[in-house]
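A.B. asks: Take a look at this one; I'll ask things after.
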Amino acid sequence: MRVDRLLSMLLIISGKGAVTGKELAEHFEVSLRTIYRDIEKISEAGIPIASSSGKGGGYYIMDSYNISSLFLNRMRLIRL
């Protein structure tokens, strides 16, 4: 399911720091193009995903963003 994959991608990226599209595609057993679309959807949701190229590069969540606050806010909304 796509929502599960998007959430899992966020958790992986936030935990590892930088993850390549190829690593994500292999992990989720989808195409690299699917990962590109998923990254775009995450960005559209307001989560600042950036990428860097070259050795050691990949997708990462910008330092200025605290992903844990996203989950806390959503949990508070669900409980209300």
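Letters A, B, ... go to the chains of the structure tokens in the order shown; residues in each chain start at 1; ligands are counted from 1 in the same order.
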Any chance you could list, as a list in words, the residues in region 4-78 of chain A that come up strand (DSSP E or B) when DSSP is run on the backbone?
C.D. replies: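 Assigned to strand (DSSP E or B), within region 4-78 of chain A: Val19, Ile49, Ala50, Ser51, Ser52, Gly58, Tyr59, Tyr60 and Ile61 of chain A.
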A.B. asks: Write the selection just made, keeping N, CA, C and O atoms, as a compact mmCIF listing (two decimals), in the first residue's frame?
C.D. replies:
```
# COMPACT_ATOMS: atom_id res chain seq x y z
N VAL A 19 19.64 8.46 2.09
CA VAL A 19 19.36 7.16 1.47
C VAL A 19 19.18 7.37 -0.02
O VAL A 19 18.48 8.29 -0.45
N ILE A 49 12.10 17.37 1.81
CA ILE A 49 13.05 16.34 1.40
C ILE A 49 13.99 16.98 0.39
O ILE A 49 13.55 17.62 -0.56
N ALA A 50 15.27 16.79 0.61
CA ALA A 50 16.28 17.31 -0.31
C ALA A 50 17.13 16.14 -0.78
O ALA A 50 17.04 15.03 -0.25
N SER A 51 17.94 16.39 -1.79
CA SER A 51 18.83 15.34 -2.28
C SER A 51 20.20 15.92 -2.56
O SER A 51 20.35 17.11 -2.83
N SER A 52 21.18 15.06 -2.46
CA SER A 52 22.54 15.44 -2.83
C SER A 52 23.09 14.35 -3.73
O SER A 52 22.74 13.18 -3.58
N GLY A 58 22.19 11.20 -1.51
CA GLY A 58 20.90 10.53 -1.43
C GLY A 58 19.84 11.51 -0.97
O GLY A 58 20.06 12.71 -0.93
N TYR A 59 18.70 10.98 -0.62
CA TYR A 59 17.60 11.80 -0.11
C TYR A 59 17.75 11.95 1.39
O TYR A 59 18.12 11.01 2.09
N TYR A 60 17.42 13.13 1.88
CA TYR A 60 17.47 13.37 3.32
C TYR A 60 16.43 14.42 3.68
O TYR A 60 15.95 15.16 2.83
N ILE A 61 16.08 14.46 4.95
CA ILE A 61 15.14 15.46 5.44
C ILE A 61 15.97 16.64 5.94
O ILE A 61 16.92 16.45 6.71
```
A.B. asks: Just want the 9 Å neighbourhood of Lys22 (chain A), counted on only C-alpha atoms, with same-chain residues fewer than 3 positions away dropped. Output as a ChimeraX atom specification.
C.D. replies: /A:19,25-27,31-32,35
A.B. asks: Take the selection from the previous step and output its residues with N, CA, C and O atoms, as a PDB file, in the first residue's frame.
C.D. replies:
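As a result, out_16.pdb now contains:
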```
ATOM      1  N   VAL A  19      19.637   8.460   2.087  1.00  0.00           N
ATOM      2  CA  VAL A  19      19.357   7.165   1.469  1.00  0.00           C
ATOM      3  C   VAL A  19      19.183   7.374  -0.021  1.00  0.00           C
ATOM      4  O   VAL A  19      18.483   8.288  -0.450  1.00  0.00           O
ATOM      5  N   ALA A  25      14.322   1.749  -3.611  1.00  0.00           N
ATOM      6  CA  ALA A  25      13.651   0.914  -4.607  1.00  0.00           C
ATOM      7  C   ALA A  25      13.885  -0.571  -4.316  1.00  0.00           C
ATOM      8  O   ALA A  25      12.948  -1.381  -4.389  1.00  0.00           O
ATOM      9  N   GLU A  26      15.107  -0.923  -3.962  1.00  0.00           N
ATOM     10  CA  GLU A  26      15.405  -2.323  -3.645  1.00  0.00           C
ATOM     11  C   GLU A  26      14.705  -2.758  -2.358  1.00  0.00           C
ATOM     12  O   GLU A  26      14.172  -3.861  -2.283  1.00  0.00           O
ATOM     13  N   HIS A  27      14.692  -1.894  -1.370  1.00  0.00           N
ATOM     14  CA  HIS A  27      14.055  -2.223  -0.093  1.00  0.00           C
ATOM     15  C   HIS A  27      12.563  -2.485  -0.263  1.00  0.00           C
ATOM     16  O   HIS A  27      12.024  -3.443   0.301  1.00  0.00           O
ATOM     17  N   SER A  31      10.052   0.156  -8.605  1.00  0.00           N
ATOM     18  CA  SER A  31      10.971   0.775  -9.548  1.00  0.00           C
ATOM     19  C   SER A  31      11.525   2.085  -8.989  1.00  0.00           C
ATOM     20  O   SER A  31      10.950   2.698  -8.082  1.00  0.00           O
ATOM     21  N   LEU A  32      12.631   2.508  -9.544  1.00  0.00           N
ATOM     22  CA  LEU A  32      13.226   3.782  -9.166  1.00  0.00           C
ATOM     23  C   LEU A  32      12.264   4.922  -9.494  1.00  0.00           C
ATOM     24  O   LEU A  32      12.150   5.884  -8.734  1.00  0.00           O
ATOM     25  N   ILE A  35       9.864   5.426  -6.710  1.00  0.00           N
ATOM     26  CA  ILE A  35      10.489   6.147  -5.601  1.00  0.00           C
ATOM     27  C   ILE A  35      10.503   7.641  -5.900  1.00  0.00           C
ATOM     28  O   ILE A  35      10.190   8.454  -5.017  1.00  0.00           O
TER      29      ILE A  35
END
```
A.B. asks: Which residues come within 8 Å of region 2-9 of chain A, counting only C-alpha atoms, excluding same-chain residues fewer than 2 positions away, as a tab-separated table (two decimals) with all heavy atoms, in the first residue's frame?
C.D. replies:
```tsv
chain	number	residue	atom	x	y	z
A	11	LEU	N	10.45	7.23	7.75
A	11	LEU	CA	11.15	6.70	8.91
A	11	LEU	C	12.56	6.24	8.55
A	11	LEU	O	13.50	6.48	9.32
A	11	LEU	CB	10.35	5.55	9.52
A	11	LEU	CG	9.01	5.95	10.13
A	11	LEU	CD1	8.22	4.71	10.57
A	11	LEU	CD2	9.21	6.90	11.29
A	12	ILE	N	12.72	5.62	7.41
A	12	ILE	CA	14.05	5.18	6.97
A	12	ILE	C	14.95	6.37	6.71
A	12	ILE	O	16.10	6.42	7.18
A	12	ILE	CB	13.94	4.29	5.71
A	12	ILE	CG1	13.31	2.95	6.07
A	12	ILE	CG2	15.31	4.10	5.06
A	12	ILE	CD1	12.93	2.10	4.88
A	13	ILE	N	14.44	7.35	5.99
A	13	ILE	CA	15.25	8.53	5.66
A	13	ILE	C	15.62	9.29	6.92
A	13	ILE	O	16.77	9.72	7.08
A	13	ILE	CB	14.52	9.43	4.65
A	13	ILE	CG1	14.39	8.71	3.30
A	13	ILE	CG2	15.25	10.76	4.47
A	13	ILE	CD1	13.47	9.40	2.31
A	24	LEU	N	16.19	2.61	-1.69
A	24	LEU	CA	14.76	2.59	-1.38
A	24	LEU	C	14.00	1.67	-2.33
A	24	LEU	O	13.12	0.91	-1.90
A	24	LEU	CB	14.19	4.01	-1.42
A	24	LEU	CG	14.65	4.95	-0.30
A	24	LEU	CD1	14.22	6.38	-0.61
A	24	LEU	CD2	14.13	4.50	1.05
A	28	PHE	N	11.89	-1.62	-1.02
A	28	PHE	CA	10.44	-1.74	-1.19
A	28	PHE	C	10.03	-2.57	-2.40
A	28	PHE	O	8.85	-2.75	-2.66
A	28	PHE	CB	9.81	-0.35	-1.28
A	28	PHE	CG	9.91	0.42	0.02
A	28	PHE	CD1	10.77	1.48	0.14
A	28	PHE	CD2	9.15	0.05	1.11
A	28	PHE	CE1	10.87	2.19	1.33
A	28	PHE	CE2	9.23	0.74	2.31
A	28	PHE	CZ	10.11	1.80	2.41
A	38	ASP	N	7.09	8.92	-5.24
A	38	ASP	CA	6.83	8.94	-3.80
A	38	ASP	C	7.53	10.11	-3.12
A	38	ASP	O	6.93	10.78	-2.27
A	38	ASP	CB	7.27	7.63	-3.16
A	38	ASP	CG	6.37	6.46	-3.51
A	38	ASP	OD1	5.28	6.68	-4.10
A	38	ASP	OD2	6.75	5.31	-3.20
A	42	ILE	N	5.77	13.16	-0.97
A	42	ILE	CA	6.19	13.55	0.38
A	42	ILE	C	6.48	15.05	0.41
A	42	ILE	O	6.08	15.75	1.34
A	42	ILE	CB	7.41	12.72	0.83
A	42	ILE	CG1	7.01	11.26	1.05
A	42	ILE	CG2	8.04	13.32	2.09
A	42	ILE	CD1	8.18	10.31	1.25
```
